[in-house]
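Only one structure is covered here, and it is reproduced in the block below.
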Amino acid sequence: MLRCLHIKREEDGKLVPIWKQQARSANGPVIWDYHVVLLHVSKEGQSFIYDLDTILPFPCPFNIYIEDALKSDDEIHPQFRRKFRVVRADSYLKNFASDRSHMKDSSGNWREPPPGYPCIETGDSKMNLNDFISMDPAVGWGAVYTLPEFVHQFSSKTY
(Lines give C-alpha, C1' and ligand atoms only; values in the text may rest on other atoms or scores of the structure.)
Protein backbone atom coordinates (compact mmCIF):
# COMPACT_ATOMS: atom_id res chain seq x y z
CA MET A 1 0.00 0.00 0.00
CA LEU A 2 1.41 3.38 -1.01
CA ARG A 3 0.73 6.49 1.01
CA CYS A 4 1.83 10.08 0.67
CA LEU A 5 3.12 11.51 3.89
CA HIS A 6 3.14 15.23 4.76
CA ILE A 7 5.29 16.14 7.74
CA LYS A 8 4.67 19.40 9.56
CA ARG A 9 5.07 20.85 13.01
CA GLU A 10 2.56 19.96 15.71
CA GLU A 11 1.45 23.57 15.97
CA ASP A 12 0.74 25.43 12.75
CA GLY A 13 4.32 26.67 12.39
CA LYS A 14 6.98 26.29 9.77
CA LEU A 15 9.94 24.70 11.52
CA VAL A 16 10.23 20.99 10.78
CA PRO A 17 13.66 19.52 11.57
CA ILE A 18 14.68 16.49 9.52
CA TRP A 19 18.16 15.00 9.62
CA LYS A 20 20.15 13.23 6.90
CA GLN A 21 19.04 15.59 4.14
CA GLN A 22 21.08 16.48 1.03
CA ALA A 23 20.77 20.20 1.78
CA ARG A 24 22.87 19.78 4.94
CA SER A 25 26.39 18.37 4.76
CA ALA A 26 26.97 18.33 8.54
CA ASN A 27 25.12 16.26 11.13
CA GLY A 28 22.48 18.90 11.87
CA PRO A 29 18.93 18.98 10.58
CA VAL A 30 17.43 20.79 7.63
CA ILE A 31 14.54 22.96 8.77
CA TRP A 32 11.64 22.60 6.35
CA ASP A 33 8.32 24.43 6.46
CA TYR A 34 6.82 21.03 5.56
CA HIS A 35 8.19 17.89 3.92
CA VAL A 36 6.58 15.26 1.70
CA VAL A 37 7.74 11.66 1.35
CA LEU A 38 6.21 8.40 0.14
CA LEU A 39 5.49 5.58 2.58
CA HIS A 40 5.28 2.04 1.19
CA VAL A 41 3.94 -0.74 3.39
CA SER A 42 4.62 -4.08 1.74
CA LYS A 43 2.34 -7.11 1.98
CA GLU A 44 4.98 -8.71 4.21
CA GLY A 45 4.65 -5.86 6.72
CA GLN A 46 7.96 -4.14 5.94
CA SER A 47 7.62 -0.35 5.56
CA PHE A 48 9.87 1.90 3.48
CA ILE A 49 10.20 5.67 3.15
CA TYR A 50 11.00 7.21 -0.25
CA ASP A 51 12.49 10.65 0.47
CA LEU A 52 13.99 12.37 -2.58
CA ASP A 53 15.98 14.69 -0.29
CA THR A 54 17.61 12.13 2.00
CA ILE A 55 21.19 10.86 2.05
CA LEU A 56 19.93 7.63 3.64
CA PRO A 57 19.32 4.55 1.46
CA PHE A 58 16.61 4.90 -1.18
CA PRO A 59 14.16 3.50 -0.37
CA CYS A 60 14.95 3.61 3.32
CA PRO A 61 13.62 1.02 5.75
CA PHE A 62 11.04 2.75 7.92
CA ASN A 63 12.76 2.09 11.24
CA ILE A 64 16.09 3.48 10.00
CA TYR A 65 14.40 6.60 8.60
CA ILE A 66 12.59 7.21 11.90
CA GLU A 67 15.77 6.75 13.94
CA ASP A 68 18.19 8.68 11.70
CA ALA A 69 16.09 11.29 9.89
CA LEU A 70 13.21 12.05 12.26
CA LYS A 71 14.71 11.10 15.62
CA SER A 72 12.67 10.81 18.79
CA ASP A 73 10.51 13.63 20.14
CA ASP A 74 12.56 13.19 23.32
CA GLU A 75 15.65 14.45 21.43
CA ILE A 76 14.16 17.71 20.18
CA HIS A 77 12.66 20.80 21.78
CA PRO A 78 8.86 20.47 22.20
CA GLN A 79 8.27 23.40 19.80
CA PHE A 80 9.69 21.28 16.97
CA ARG A 81 7.54 18.18 17.47
CA ARG A 82 6.09 16.98 14.22
CA LYS A 83 2.79 15.56 13.09
CA PHE A 84 2.18 13.42 10.03
CA ARG A 85 -0.70 13.52 7.57
CA VAL A 86 -0.89 10.15 5.85
CA VAL A 87 -2.94 10.04 2.65
CA ARG A 88 -3.50 6.95 0.51
CA ALA A 89 -1.63 7.38 -2.78
CA ASP A 90 -4.76 6.94 -4.90
CA SER A 91 -6.57 9.66 -2.94
CA TYR A 92 -3.54 11.93 -3.13
CA LEU A 93 -3.26 11.55 -6.90
CA LYS A 94 -6.99 12.14 -7.35
CA ASN A 95 -7.30 15.17 -5.06
CA PHE A 96 -4.00 17.06 -4.67
CA ALA A 97 -3.58 20.38 -6.50
CA SER A 98 -0.96 23.13 -6.31
CA ASP A 99 -0.67 26.28 -8.37
CA ARG A 100 2.78 26.90 -6.80
CA SER A 101 1.69 30.21 -5.29
CA HIS A 102 3.40 29.14 -2.04
CA MET A 103 6.72 29.34 -3.93
CA LYS A 104 6.40 33.08 -4.57
CA ASP A 105 7.26 36.03 -2.36
CA SER A 106 4.81 38.82 -1.46
CA SER A 107 5.67 40.63 -4.72
CA GLY A 108 4.80 37.56 -6.81
CA ASN A 109 8.41 36.71 -7.67
CA TRP A 110 9.70 33.12 -7.50
CA ARG A 111 11.78 32.44 -4.38
CA GLU A 112 13.46 29.63 -6.33
CA PRO A 113 12.95 28.58 -9.95
CA PRO A 114 9.79 26.44 -10.24
CA PRO A 115 9.87 22.88 -11.59
CA GLY A 116 9.78 22.55 -15.37
CA TYR A 117 6.60 20.47 -15.39
CA PRO A 118 3.06 21.92 -15.34
CA CYS A 119 1.26 22.73 -12.11
CA ILE A 120 -0.78 19.89 -10.65
CA GLU A 121 -4.52 20.42 -10.72
CA THR A 122 -7.73 18.42 -10.55
CA GLY A 123 -11.15 18.95 -12.08
CA ASP A 124 -12.26 20.45 -8.77
CA SER A 125 -9.21 22.41 -7.63
CA LYS A 126 -6.18 24.36 -8.77
CA MET A 127 -4.82 24.88 -5.22
CA ASN A 128 -5.51 22.85 -2.08
CA LEU A 129 -1.98 22.39 -0.72
CA ASN A 130 -2.97 23.89 2.63
CA ASP A 131 -5.56 21.14 3.11
CA PHE A 132 -2.79 18.56 2.72
CA ILE A 133 -0.25 20.23 4.99
CA SER A 134 -2.77 21.19 7.67
CA MET A 135 -2.41 19.08 10.80
CA ASP A 136 -6.02 19.68 11.77
CA PRO A 137 -7.66 16.23 11.50
CA ALA A 138 -10.96 17.87 10.47
CA VAL A 139 -9.34 19.37 7.34
CA GLY A 140 -8.27 17.63 4.15
CA TRP A 141 -7.67 13.98 3.35
CA GLY A 142 -6.13 11.09 5.23
CA ALA A 143 -5.29 10.75 8.90
CA VAL A 144 -3.10 12.85 11.20
CA TYR A 145 -0.66 11.20 13.63
CA THR A 146 1.79 12.32 16.28
CA LEU A 147 5.26 10.78 15.90
CA PRO A 148 4.59 8.02 18.47
CA GLU A 149 1.24 7.21 16.84
CA PHE A 150 2.81 7.20 13.38
CA VAL A 151 5.62 4.86 14.48
CA HIS A 152 3.16 2.53 16.20
CA GLN A 153 0.90 2.41 13.12
CA PHE A 154 3.54 1.91 10.43
CA SER A 155 6.62 0.45 12.11
CA SER A 156 7.91 -2.60 10.29
CA LYS A 157 6.60 -5.83 11.71
CA THR A 158 9.70 -7.72 10.60
CA TYR A 159 13.19 -6.68 11.65
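Convention: chains lettered A, B, ... in C-alpha coordinates order; per-chain residue numbering from 1; ligands numbered from 1 as shown.
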Note to self: I'd like the contact shell of Asn130 in chain A - 10 Å cut-off, only C-alpha atoms, skipping same-chain residues fewer than 4 positions apart - returned as a PyMOL selection string.
What the structure shows: chain A and resi 97-98+102+134-135+139-140
Can you build me a table of range 61-136 of chain A residues sitting at most 12 Å from range 25-29 of chain A, with the closest atom pair per residue and its distance in Å to one decimal, using only C-alpha atoms, sorted by chain and residue number, as a tab-separated table?
residue	atom	partner	partner_atom	distance
A:Asp68	CA	A:Asn27	CA	10.3
A:Ala69	CA	A:Pro29	CA	8.2
A:Leu70	CA	A:Pro29	CA	9.1
A:Lys71	CA	A:Pro29	CA	10.3
A:Ile76	CA	A:Pro29	CA	10.8
A:Phe80	CA	A:Pro29	CA	11.5
Just-selected residues, N, CA and C atoms written as a CSV table (one decimal), in the first residue's frame:
chain,number,residue,atom,x,y,z
A,68,ASP,N,17.1,7.8,12.2
A,68,ASP,CA,18.2,8.7,11.7
A,68,ASP,C,17.7,10.0,11.2
A,69,ALA,N,16.5,10.1,10.5
A,69,ALA,CA,16.1,11.3,9.9
A,69,ALA,C,15.1,12.1,10.8
A,70,LEU,N,14.2,11.4,11.5
A,70,LEU,CA,13.2,12.1,12.3
A,70,LEU,C,13.6,12.2,13.7
A,71,LYS,N,14.3,11.2,14.2
A,71,LYS,CA,14.7,11.1,15.6
A,71,LYS,C,13.5,11.1,16.5
A,76,ILE,N,14.3,16.4,20.7
A,76,ILE,CA,14.2,17.7,20.2
A,76,ILE,C,13.3,18.6,21.1
A,80,PHE,N,9.4,21.9,18.3
A,80,PHE,CA,9.7,21.3,17.0
A,80,PHE,C,9.0,19.9,16.7
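One finds CA of Val36 in chain A at 9.6 Å from CA of Phe84 in chain A.
One distance worth recording is that between CA of Arg81 in chain A and CA of Trp110 in chain A, which is 29.2 Å.
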Note to self: Between A:Gln79, A:Ser125, A:Ser42, A:Gln22, which residue has the minimum interatomic distance to Phe96 in chain A, considering only C-alpha atoms?
What the structure shows: A:Ser125
Next item on the list: Return the single residue from A:Gln21, A:Ser106, A:Ser72, A:Asn95 that is closest to Leu52 in chain A, with distances computed using only C-alpha atoms.
Entry: A:Gln21
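For the residues A:Arg88, A:Arg3, A:Lys83, A:Arg111, ranking by smallest atom-to-atom distance to Thr146 in chain A using only C-alpha atoms places A:Lys83 first.
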Margin query: Report as a ChimeraX atom specification all protein, DNA and RNA residues lying within 10 Å of Val41 in chain A, evaluated on only C-alpha atoms, omitting residues in the same chain fewer than 6 positions from it.
Written below: /A:1-3,47-49,62,154-156
Export of the given selection (all heavy atoms) as an mmCIF file, in the first residue's frame:
data_model
loop_
_atom_site.group_PDB
_atom_site.id
_atom_site.type_symbol
_atom_site.label_atom_id
_atom_site.label_comp_id
_atom_site.auth_asym_id
_atom_site.auth_seq_id
_atom_site.Cartn_x
_atom_site.Cartn_y
_atom_site.Cartn_z
ATOM 1 N N MET A 1 0.847 -1.168 0.000
ATOM 2 C CA MET A 1 0.000 0.000 0.000
ATOM 3 C C MET A 1 0.895 1.234 0.000
ATOM 4 O O MET A 1 1.796 1.358 0.816
ATOM 5 C CB MET A 1 -0.877 -0.029 1.246
ATOM 6 C CG MET A 1 -1.719 1.177 1.458
ATOM 7 S SD MET A 1 -3.357 1.194 0.739
ATOM 8 C CE MET A 1 -3.968 -0.425 0.990
ATOM 9 N N LEU A 2 0.651 2.140 -0.922
ATOM 10 C CA LEU A 2 1.412 3.375 -1.006
ATOM 11 C C LEU A 2 0.624 4.505 -0.368
ATOM 12 O O LEU A 2 -0.580 4.625 -0.562
ATOM 13 C CB LEU A 2 1.714 3.736 -2.462
ATOM 14 C CG LEU A 2 2.649 2.801 -3.194
ATOM 15 C CD1 LEU A 2 2.760 3.218 -4.653
ATOM 16 C CD2 LEU A 2 4.015 2.793 -2.547
ATOM 17 N N ARG A 3 1.354 5.340 0.376
ATOM 18 C CA ARG A 3 0.733 6.488 1.014
ATOM 19 C C ARG A 3 1.656 7.684 0.863
ATOM 20 O O ARG A 3 2.866 7.545 0.920
ATOM 21 C CB ARG A 3 0.497 6.218 2.497
ATOM 22 C CG ARG A 3 -0.528 5.133 2.742
ATOM 23 C CD ARG A 3 -0.591 4.800 4.224
ATOM 24 N NE ARG A 3 -1.653 3.899 4.537
ATOM 25 C CZ ARG A 3 -1.539 2.578 4.492
ATOM 26 N NH1 ARG A 3 -0.422 2.016 4.115
ATOM 27 N NH2 ARG A 3 -2.551 1.812 4.814
ATOM 28 N N SER A 47 7.937 -1.702 6.027
ATOM 29 C CA SER A 47 7.623 -0.355 5.559
ATOM 30 C C SER A 47 8.891 0.343 5.091
ATOM 31 O O SER A 47 9.968 0.152 5.670
ATOM 32 C CB SER A 47 6.986 0.471 6.680
ATOM 33 O OG SER A 47 5.773 -0.113 7.091
ATOM 34 N N PHE A 48 8.751 1.147 4.038
ATOM 35 C CA PHE A 48 9.872 1.901 3.479
ATOM 36 C C PHE A 48 9.457 3.346 3.268
ATOM 37 O O PHE A 48 8.308 3.622 2.919
ATOM 38 C CB PHE A 48 10.305 1.323 2.130
ATOM 39 C CG PHE A 48 10.852 -0.060 2.220
ATOM 40 C CD1 PHE A 48 10.025 -1.159 2.068
ATOM 41 C CD2 PHE A 48 12.200 -0.266 2.464
ATOM 42 C CE1 PHE A 48 10.522 -2.444 2.162
ATOM 43 C CE2 PHE A 48 12.714 -1.554 2.554
ATOM 44 C CZ PHE A 48 11.874 -2.649 2.400
ATOM 45 N N ILE A 49 10.403 4.257 3.436
ATOM 46 C CA ILE A 49 10.200 5.671 3.147
ATOM 47 C C ILE A 49 11.004 6.023 1.901
ATOM 48 O O ILE A 49 12.185 5.702 1.803
ATOM 49 C CB ILE A 49 10.658 6.565 4.318
ATOM 50 C CG1 ILE A 49 9.831 6.292 5.581
ATOM 51 C CG2 ILE A 49 10.624 8.045 3.922
ATOM 52 C CD1 ILE A 49 8.422 6.813 5.558
ATOM 53 N N PHE A 62 11.782 1.848 7.053
ATOM 54 C CA PHE A 62 11.039 2.754 7.924
ATOM 55 C C PHE A 62 11.762 3.009 9.241
ATOM 56 O O PHE A 62 11.935 4.158 9.656
ATOM 57 C CB PHE A 62 9.650 2.161 8.184
ATOM 58 C CG PHE A 62 8.753 3.014 9.024
ATOM 59 C CD1 PHE A 62 7.941 3.974 8.438
ATOM 60 C CD2 PHE A 62 8.685 2.845 10.399
ATOM 61 C CE1 PHE A 62 7.090 4.751 9.210
ATOM 62 C CE2 PHE A 62 7.848 3.625 11.169
ATOM 63 C CZ PHE A 62 7.043 4.583 10.577
ATOM 64 N N PHE A 154 2.861 2.318 11.644
ATOM 65 C CA PHE A 154 3.540 1.908 10.433
ATOM 66 C C PHE A 154 4.904 1.250 10.628
ATOM 67 O O PHE A 154 5.559 0.893 9.645
ATOM 68 C CB PHE A 154 3.680 3.091 9.480
ATOM 69 C CG PHE A 154 2.355 3.623 9.036
ATOM 70 C CD1 PHE A 154 1.845 4.800 9.560
ATOM 71 C CD2 PHE A 154 1.593 2.925 8.109
ATOM 72 C CE1 PHE A 154 0.616 5.285 9.164
ATOM 73 C CE2 PHE A 154 0.342 3.399 7.708
ATOM 74 C CZ PHE A 154 -0.134 4.584 8.248
ATOM 75 N N SER A 155 5.333 1.088 11.856
ATOM 76 C CA SER A 155 6.623 0.453 12.114
ATOM 77 C C SER A 155 6.645 -0.945 11.505
ATOM 78 O O SER A 155 5.647 -1.670 11.559
ATOM 79 C CB SER A 155 6.889 0.367 13.614
ATOM 80 O OG SER A 155 8.136 -0.200 13.864
ATOM 81 N N SER A 156 7.778 -1.280 10.926
ATOM 82 C CA SER A 156 7.910 -2.601 10.291
ATOM 83 C C SER A 156 7.647 -3.699 11.295
ATOM 84 O O SER A 156 8.107 -3.647 12.425
ATOM 85 C CB SER A 156 9.314 -2.754 9.704
ATOM 86 O OG SER A 156 9.521 -1.769 8.731
#
